[in-house]
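J.: Structure file final-v2.cif (mmCIF, C-alpha atoms) right here:
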data_coords
loop_
_atom_site.group_PDB
_atom_site.id
_atom_site.type_symbol
_atom_site.label_atom_id
_atom_site.label_comp_id
_atom_site.auth_asym_id
_atom_site.auth_seq_id
_atom_site.Cartn_x
_atom_site.Cartn_y
_atom_site.Cartn_z
ATOM 1 C CA MET A 396 -37.399 -33.099 -34.872
ATOM 2 C CA ASP A 397 -36.202 -31.921 -38.158
ATOM 3 C CA LYS A 398 -35.024 -34.204 -40.939
ATOM 4 C CA TYR A 399 -31.248 -33.692 -40.281
ATOM 5 C CA ALA A 400 -31.575 -34.631 -36.611
ATOM 6 C CA LYS A 401 -33.532 -37.779 -37.421
ATOM 7 C CA GLU A 402 -30.922 -38.931 -39.902
ATOM 8 C CA ASN A 403 -27.735 -38.014 -38.004
ATOM 9 C CA ILE A 404 -28.471 -38.143 -34.282
ATOM 10 C CA SER A 405 -28.987 -41.478 -32.613
ATOM 11 C CA THR A 406 -31.471 -41.799 -29.786
ATOM 12 C CA GLU A 407 -30.185 -45.213 -28.714
ATOM 13 C CA GLN A 408 -28.012 -45.447 -25.611
ATOM 14 C CA PRO A 409 -24.602 -47.136 -25.956
ATOM 15 C CA PRO A 410 -24.240 -50.509 -24.228
ATOM 16 C CA PRO A 411 -22.686 -50.361 -20.740
ATOM 17 C CA SER A 412 -18.906 -50.721 -20.659
ATOM 18 C CA GLU A 413 -17.301 -53.574 -18.717
ATOM 19 C CA GLU A 414 -14.861 -51.116 -17.112
ATOM 20 C CA ALA A 415 -17.568 -48.906 -15.701
ATOM 21 C CA ARG A 416 -17.033 -48.413 -11.985
ATOM 22 C CA LEU A 417 -19.945 -49.447 -9.845
ATOM 23 C CA PRO A 418 -20.086 -49.059 -6.087
ATOM 24 C CA ARG A 419 -19.560 -52.392 -4.338
ATOM 25 C CA SER A 420 -19.629 -53.418 -0.731
ATOM 26 C CA HIS A 421 -16.055 -54.796 -0.829
ATOM 27 C CA GLY A 422 -14.610 -51.654 -2.527
ATOM 28 C CA HIS A 423 -11.820 -51.559 -5.071
ATOM 29 C CA GLN A 424 -9.522 -54.539 -4.580
ATOM 30 C CA GLU A 425 -6.312 -53.174 -6.178
ATOM 31 C CA ARG A 426 -6.098 -49.984 -4.103
ATOM 32 C CA PRO A 427 -4.274 -50.394 -0.778
ATOM 33 C CA ARG A 428 -6.095 -49.138 2.277
ATOM 34 C CA ASP A 429 -3.711 -47.235 4.564
ATOM 35 C CA THR A 430 -5.008 -45.892 7.823
ATOM 36 C CA GLU A 431 -2.178 -43.360 7.934
ATOM 37 C CA ALA A 432 -1.791 -40.605 5.400
ATOM 38 C CA PRO A 433 1.561 -40.500 3.612
ATOM 39 C CA PRO A 434 3.951 -37.777 4.796
ATOM 40 C CA ARG A 435 3.620 -34.499 2.979
ATOM 41 C CA GLN A 436 6.430 -33.499 0.684
ATOM 42 C CA GLY A 437 5.966 -29.713 0.872
ATOM 43 C CA PRO A 438 6.011 -27.367 3.833
ATOM 44 C CA GLN A 439 3.892 -28.609 6.703
ATOM 45 C CA GLU A 440 2.377 -25.260 7.552
ATOM 46 C CA ALA A 441 1.606 -22.322 5.339
ATOM 47 C CA ASP A 442 3.627 -19.189 6.000
ATOM 48 C CA ARG A 443 1.170 -16.823 7.646
ATOM 49 C CA THR A 444 3.406 -13.747 7.351
ATOM 50 C CA PRO A 445 1.682 -11.159 5.180
ATOM 51 C CA LEU A 446 3.431 -10.034 2.045
ATOM 52 C CA LEU A 447 3.696 -6.508 3.381
ATOM 53 C CA SER A 448 4.726 -6.936 6.990
ATOM 54 C CA THR A 449 4.679 -4.003 9.383
ATOM 55 C CA GLY A 450 8.172 -3.054 8.200
ATOM 56 C CA PHE A 451 6.751 -2.135 4.792
ATOM 57 C CA ARG A 452 3.653 -0.217 5.749
ATOM 58 C CA LEU A 453 2.880 2.615 8.069
ATOM 59 C CA PRO A 454 1.304 1.478 11.313
ATOM 60 C CA LYS A 455 -2.054 2.992 12.147
ATOM 61 C CA GLU A 456 -0.583 5.165 14.896
ATOM 62 C CA CYS A 457 1.724 6.785 12.295
ATOM 63 C CA ARG A 458 -1.132 7.974 10.084
ATOM 64 C CA LEU A 459 -3.459 10.947 10.227
ATOM 65 C CA LEU A 460 -6.889 9.406 9.888
ATOM 66 C CA ARG A 461 -9.538 11.989 10.722
ATOM 67 C CA SER A 462 -10.476 15.058 8.753
ATOM 68 C CA SER A 463 -10.126 17.109 11.947
ATOM 69 C CA GLU A 464 -6.457 16.065 12.216
ATOM 70 C CA PHE A 465 -5.819 17.190 8.645
ATOM 71 C CA GLN A 466 -7.624 20.486 9.228
ATOM 72 C CA LEU A 467 -5.581 21.188 12.361
ATOM 73 C CA VAL A 468 -2.320 20.716 10.443
ATOM 74 C CA TYR A 469 -3.596 22.962 7.639
ATOM 75 C CA LYS A 470 -4.663 25.634 10.104
ATOM 76 C CA ARG A 471 -1.755 25.647 12.576
ATOM 77 C CA GLY A 472 1.028 24.034 10.570
ATOM 78 C CA ASN A 473 3.678 25.459 8.311
ATOM 79 C CA ARG A 474 3.547 25.180 4.539
ATOM 80 C CA ILE A 475 6.489 24.206 2.349
ATOM 81 C CA SER A 476 6.148 24.040 -1.418
ATOM 82 C CA ALA A 477 8.141 21.433 -3.275
ATOM 83 C CA GLU A 478 8.271 20.245 -6.864
ATOM 84 C CA PHE A 479 5.964 17.228 -6.481
ATOM 85 C CA THR A 480 3.982 18.094 -3.381
ATOM 86 C CA THR A 481 2.942 20.790 -1.000
ATOM 87 C CA VAL A 482 3.867 19.832 2.551
ATOM 88 C CA PHE A 483 2.121 21.037 5.684
ATOM 89 C CA LEU A 484 3.800 20.151 8.948
ATOM 90 C CA MET A 485 3.055 20.817 12.556
ATOM 91 C CA PRO A 486 5.020 19.703 15.628
ATOM 92 C CA ASN A 487 3.324 17.082 17.773
ATOM 93 C CA LEU A 488 4.036 15.746 21.249
ATOM 94 C CA LEU A 489 3.475 12.085 20.402
ATOM 95 C CA GLY A 490 7.120 11.142 19.948
ATOM 96 C CA GLN A 491 6.538 9.820 16.428
ATOM 97 C CA HIS A 492 5.884 11.296 13.030
ATOM 98 C CA ARG A 493 2.418 10.924 11.540
ATOM 99 C CA LEU A 494 1.536 11.151 7.868
ATOM 100 C CA GLY A 495 -1.551 12.178 5.962
ATOM 101 C CA ILE A 496 -1.757 12.319 2.162
ATOM 102 C CA THR A 497 -4.294 14.012 -0.062
ATOM 103 C CA ALA A 498 -4.592 13.638 -3.806
ATOM 104 C CA SER A 499 -7.621 15.474 -5.122
ATOM 105 C CA ARG A 500 -9.660 14.492 -8.137
ATOM 106 C CA LYS A 501 -9.315 18.019 -9.478
ATOM 107 C CA GLY A 502 -5.547 18.122 -9.058
ATOM 108 C CA ILE A 503 -4.582 14.554 -9.985
ATOM 109 C CA GLY A 504 -7.451 13.012 -11.930
ATOM 110 C CA LYS A 505 -8.747 9.451 -11.973
ATOM 111 C CA ALA A 506 -8.655 7.101 -8.986
ATOM 112 C CA PHE A 507 -5.775 4.964 -10.293
ATOM 113 C CA ALA A 508 -3.631 8.113 -10.684
ATOM 114 C CA ARG A 509 -4.540 9.370 -7.207
ATOM 115 C CA ASN A 510 -3.697 5.972 -5.718
ATOM 116 C CA ARG A 511 -0.322 5.905 -7.478
ATOM 117 C CA ALA A 512 0.492 9.412 -6.251
ATOM 118 C CA LYS A 513 -0.370 8.419 -2.688
ATOM 119 C CA ARG A 514 1.716 5.238 -2.932
ATOM 120 C CA LEU A 515 4.726 7.192 -4.163
ATOM 121 C CA LEU A 516 4.480 9.738 -1.352
ATOM 122 C CA ARG A 517 3.875 7.086 1.293
ATOM 123 C CA GLU A 518 6.885 5.087 0.125
ATOM 124 C CA ALA A 519 9.092 8.197 0.023
ATOM 125 C CA PHE A 520 8.048 8.937 3.612
ATOM 126 C CA ARG A 521 8.735 5.355 4.683
ATOM 127 C CA LEU A 522 12.166 5.330 3.045
ATOM 128 C CA SER A 523 13.048 8.599 4.797
ATOM 129 C CA LYS A 524 12.746 6.999 8.224
ATOM 130 C CA ALA A 525 16.414 7.621 9.102
ATOM 131 C CA GLU A 526 16.236 11.301 8.116
ATOM 132 C CA LEU A 527 12.994 11.735 10.056
ATOM 133 C CA GLY A 528 14.610 10.122 13.090
ATOM 134 C CA ALA A 529 17.385 12.721 12.972
ATOM 135 C CA LEU A 530 14.897 15.546 13.511
ATOM 136 C CA GLY A 531 14.791 17.045 16.984
ATOM 137 C CA GLN A 532 11.053 16.588 17.415
ATOM 138 C CA SER A 533 8.199 14.726 15.789
ATOM 139 C CA TYR A 534 5.751 16.255 13.341
ATOM 140 C CA ASP A 535 2.381 15.686 11.763
ATOM 141 C CA TRP A 536 2.939 15.773 7.996
ATOM 142 C CA VAL A 537 0.280 16.338 5.335
ATOM 143 C CA PHE A 538 1.318 15.910 1.706
ATOM 144 C CA ASN A 539 -0.850 17.378 -1.037
ATOM 145 C CA ALA A 540 0.146 15.604 -4.249
ATOM 146 C CA ARG A 541 0.728 17.500 -7.469
ATOM 147 C CA ARG A 542 0.058 16.194 -10.965
ATOM 148 C CA ARG A 543 3.793 16.258 -11.834
ATOM 149 C CA LEU A 544 4.267 13.396 -9.378
ATOM 150 C CA LEU A 545 2.675 10.994 -11.877
ATOM 151 C CA GLU A 546 5.416 11.590 -14.446
ATOM 152 C CA VAL A 547 8.333 10.430 -12.256
ATOM 153 C CA LYS A 548 9.639 7.364 -10.470
ATOM 154 C CA LEU A 549 10.116 7.032 -6.714
ATOM 155 C CA GLU A 550 13.599 8.601 -6.626
ATOM 156 C CA ALA A 551 12.344 12.099 -7.484
ATOM 157 C CA PRO A 552 9.753 12.487 -4.689
ATOM 158 C CA LEU A 553 12.190 10.796 -2.297
ATOM 159 C CA LYS A 554 14.864 13.413 -3.023
ATOM 160 C CA ASP A 555 12.224 16.136 -2.781
ATOM 161 C CA LEU A 556 11.130 14.932 0.655
ATOM 162 C CA GLN A 557 14.686 14.525 1.897
ATOM 163 C CA ARG A 558 15.406 18.110 0.862
ATOM 164 C CA ILE A 559 12.384 19.257 2.876
ATOM 165 C CA ILE A 560 13.481 17.231 5.894
ATOM 166 C CA ALA A 561 16.973 18.754 5.656
ATOM 167 C CA GLU A 562 15.368 22.211 5.545
ATOM 168 C CA VAL A 563 13.307 21.411 8.652
ATOM 169 C CA ARG A 564 16.419 20.072 10.396
ATOM 170 C CA LYS A 565 18.328 23.232 9.536
ATOM 171 C CA SER A 566 15.545 25.394 10.961
ATOM 172 C CA GLU A 567 15.528 23.310 14.159
ATOM 173 C CA LEU A 568 19.273 23.782 14.533
ATOM 174 C CA GLY A 569 18.869 27.502 13.845
ATOM 175 C CA ALA A 570 16.239 27.734 16.581
ATOM 176 C CA ILE A 571 18.595 26.021 19.032
ATOM 177 C CA THR A 572 21.489 28.389 18.263
ATOM 178 C CA GLY A 573 19.217 31.427 18.176
ATOM 179 C CA GLU A 574 19.830 32.221 14.515
ATOM 180 C CA THR A 575 16.822 33.212 12.453
ATOM 181 C CA LYS A 576 16.775 33.241 8.687
ATOM 182 C CA GLU A 577 14.100 33.557 6.057
ATOM 183 C CA SER A 578 13.748 29.788 5.790
ATOM 184 C CA ASP A 579 13.294 29.597 9.571
ATOM 185 C CA LYS A 580 10.557 32.211 9.451
ATOM 186 C CA ALA A 581 8.830 30.235 6.707
ATOM 187 C CA LEU A 582 8.811 27.164 8.945
ATOM 188 C CA GLY A 583 7.528 29.178 11.874
ATOM 189 C CA THR A 584 10.429 28.424 14.218
#
Take the structure I supplied and represent it as structure tokens, if you would.
T.:
Amino acid sequence: MDKYAKENISTEQPPPSEEARLPRSHGHQERPRDTEAPPRQGPQEADRTPLLSTGFRLPKECRLLRSSEFQLVYKRGNRISAEFTTVFLMPNLLGQHRLGITASRKGIGKAFARNRAKRLLREAFRLSKAELGALGQSYDWVFNARRRLLEVKLEAPLKDLQRIIAEVRKSELGAITGETKESDKALGT
């Protein structure tokens, strides 16, 4: 030990305190021993509902999951360019719309930016449920995100998507009445 430690640090143990708690066979006398637990003040059971219930996320059957599904929509589907995304859509016989989203590293950038772009597009699709329900048939949708999407809030891609849905609806109505226009030819109807 150095000189400072010898002079300033004691090696003696302090005497035991009278209030030190030692285990005894008869236990602590002042504490009451209840066999029943007191009633809980808070909720009895934790709420097991997830924060994002199925109403706020797309169910698995409403998503394109496999690369082959994406490739089929790219190959056989129709392409519509919009301000914040390029949309590929192809009619399906499933009775429900399915969504696939791509956000490439080359086009968007870092992972956090790609994830934000996908969240914005997914939420715009979810919020357009009523407009999608008004379509005559169901489609497989693939959204390719553009970098401009990162500069806006949710309202802009939502309006963009609703414009596309209105265009698809118009082409469906044109196909029913037998009218063909340039926009109908672009959608392949």
J.: May I ask for the distance between CA of Ala477 in chain A and CA of Ser463 in chain A, given in Å to one decimal place?
T.: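 Distance reported for this atom pair: 24.2 Å.
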J.: Would you translate the PyMOL selection byres ((chain A and resi 491-506) around 9) into the concrete set of residues it matches in this file, as a PyMOL selection string?
T.: chain A and resi 453+456-460+464-465+486-490+507-513+516-517+520+527-528+532-545
J.: Do you know which residues are at most 12 Å from Leu530 in chain A counting all atoms listed in the file, after dropping those on the same chain fewer than 5 positions away, and could you put them as a VMD selection string?
T.: chain A and resid 486 490 to 492 523 to 525 557 559 to 568
J.: To one decimal place in Å, what is the distance between CA of Val468 in chain A and CA of Leu553 in chain A?
T.: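 Going from CA of Val468 in chain A over to CA of Leu553 in chain A, I get 21.7 Å.
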J.: For the atom pair CA of Ala570 in chain A and CA of Lys554 in chain A, what is the interatomic distance in Å to one decimal place?
T.: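 Going from CA of Ala570 in chain A over to CA of Lys554 in chain A, I get 24.3 Å.
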J.: Could you rebuild range 537-548 of chain A with all heavy atoms and give it back as a short mmCIF file (atom, residue, chain, number, x, y, z; two decimals), keeping the file's coordinate frame?
T.:
data_model
loop_
_atom_site.label_atom_id
_atom_site.label_comp_id
_atom_site.auth_asym_id
_atom_site.auth_seq_id
_atom_site.Cartn_x
_atom_site.Cartn_y
_atom_site.Cartn_z
N VAL A 537 1.34 16.52 6.33
CA VAL A 537 0.28 16.34 5.34
C VAL A 537 0.88 16.67 3.98
O VAL A 537 1.41 17.76 3.79
CB VAL A 537 -0.95 17.23 5.62
CG1 VAL A 537 -1.96 17.10 4.48
CG2 VAL A 537 -1.59 16.85 6.93
N PHE A 538 0.82 15.72 3.07
CA PHE A 538 1.32 15.91 1.71
C PHE A 538 0.13 16.09 0.78
O PHE A 538 -0.76 15.24 0.74
CB PHE A 538 2.11 14.70 1.21
CG PHE A 538 3.38 14.41 1.96
CD1 PHE A 538 3.94 13.16 1.90
CD2 PHE A 538 4.00 15.37 2.73
CE1 PHE A 538 5.11 12.87 2.57
CE2 PHE A 538 5.17 15.10 3.42
CZ PHE A 538 5.73 13.84 3.32
N ASN A 539 0.14 17.18 0.02
CA ASN A 539 -0.85 17.38 -1.04
C ASN A 539 -0.13 17.10 -2.35
O ASN A 539 0.77 17.84 -2.74
CB ASN A 539 -1.40 18.80 -1.03
CG ASN A 539 -2.27 19.08 0.17
OD1 ASN A 539 -2.61 18.18 0.92
ND2 ASN A 539 -2.64 20.33 0.37
N ALA A 540 -0.53 16.04 -3.02
CA ALA A 540 0.15 15.60 -4.25
C ALA A 540 -0.13 16.56 -5.40
O ALA A 540 -1.22 17.13 -5.50
CB ALA A 540 -0.31 14.20 -4.62
N ARG A 541 0.87 16.71 -6.25
CA ARG A 541 0.73 17.50 -7.47
C ARG A 541 0.76 16.57 -8.67
O ARG A 541 1.34 15.49 -8.62
CB ARG A 541 1.87 18.51 -7.58
CG ARG A 541 1.81 19.57 -6.52
CD ARG A 541 2.85 20.62 -6.77
NE ARG A 541 2.75 21.66 -5.74
CZ ARG A 541 3.56 22.68 -5.67
NH1 ARG A 541 4.53 22.82 -6.55
NH2 ARG A 541 3.41 23.57 -4.72
N ARG A 542 0.17 17.02 -9.77
CA ARG A 542 0.06 16.19 -10.96
C ARG A 542 1.42 15.76 -11.51
O ARG A 542 1.58 14.67 -12.05
CB ARG A 542 -0.70 16.96 -12.05
CG ARG A 542 -1.02 16.11 -13.27
CD ARG A 542 -1.81 16.86 -14.32
NE ARG A 542 -3.09 17.30 -13.85
CZ ARG A 542 -4.22 16.58 -13.93
NH1 ARG A 542 -4.19 15.38 -14.44
NH2 ARG A 542 -5.35 17.06 -13.49
N ARG A 543 2.45 16.59 -11.34
CA ARG A 543 3.79 16.26 -11.83
C ARG A 543 4.34 14.97 -11.22
O ARG A 543 5.21 14.34 -11.77
CB ARG A 543 4.77 17.40 -11.52
CG ARG A 543 4.69 18.51 -12.51
CD ARG A 543 5.64 19.59 -12.13
NE ARG A 543 4.84 20.55 -11.37
CZ ARG A 543 5.31 21.54 -10.65
NH1 ARG A 543 6.59 21.71 -10.56
NH2 ARG A 543 4.51 22.35 -10.02
N LEU A 544 3.82 14.61 -10.07
CA LEU A 544 4.27 13.40 -9.38
C LEU A 544 4.03 12.14 -10.22
O LEU A 544 4.78 11.17 -10.13
CB LEU A 544 3.52 13.28 -8.04
CG LEU A 544 3.88 12.16 -7.10
CD1 LEU A 544 5.34 12.27 -6.69
CD2 LEU A 544 3.01 12.20 -5.88
N LEU A 545 3.02 12.17 -11.07
CA LEU A 545 2.68 10.99 -11.88
C LEU A 545 3.66 10.73 -13.00
O LEU A 545 3.68 9.65 -13.58
CB LEU A 545 1.27 11.16 -12.45
CG LEU A 545 0.15 11.31 -11.43
CD1 LEU A 545 -1.14 11.62 -12.13
CD2 LEU A 545 0.05 10.07 -10.57
N GLU A 546 4.50 11.71 -13.32
CA GLU A 546 5.42 11.59 -14.45
C GLU A 546 6.78 11.06 -14.04
O GLU A 546 7.66 10.92 -14.88
CB GLU A 546 5.58 12.96 -15.11
CG GLU A 546 4.28 13.53 -15.63
CD GLU A 546 4.37 15.00 -15.99
OE1 GLU A 546 5.47 15.59 -15.84
OE2 GLU A 546 3.35 15.56 -16.38
N VAL A 547 7.00 10.80 -12.74
CA VAL A 547 8.33 10.43 -12.26
C VAL A 547 8.29 9.10 -11.51
O VAL A 547 7.23 8.60 -11.16
CB VAL A 547 8.90 11.53 -11.33
CG1 VAL A 547 9.10 12.82 -12.09
CG2 VAL A 547 8.03 11.73 -10.12
N LYS A 548 9.48 8.57 -11.28
CA LYS A 548 9.64 7.36 -10.47
C LYS A 548 9.84 7.77 -9.02
O LYS A 548 9.90 8.95 -8.69
CB LYS A 548 10.84 6.56 -10.97
CG LYS A 548 10.75 6.16 -12.42
CD LYS A 548 10.26 4.79 -12.53
CE LYS A 548 10.28 4.39 -14.01
NZ LYS A 548 9.47 3.30 -14.28
#
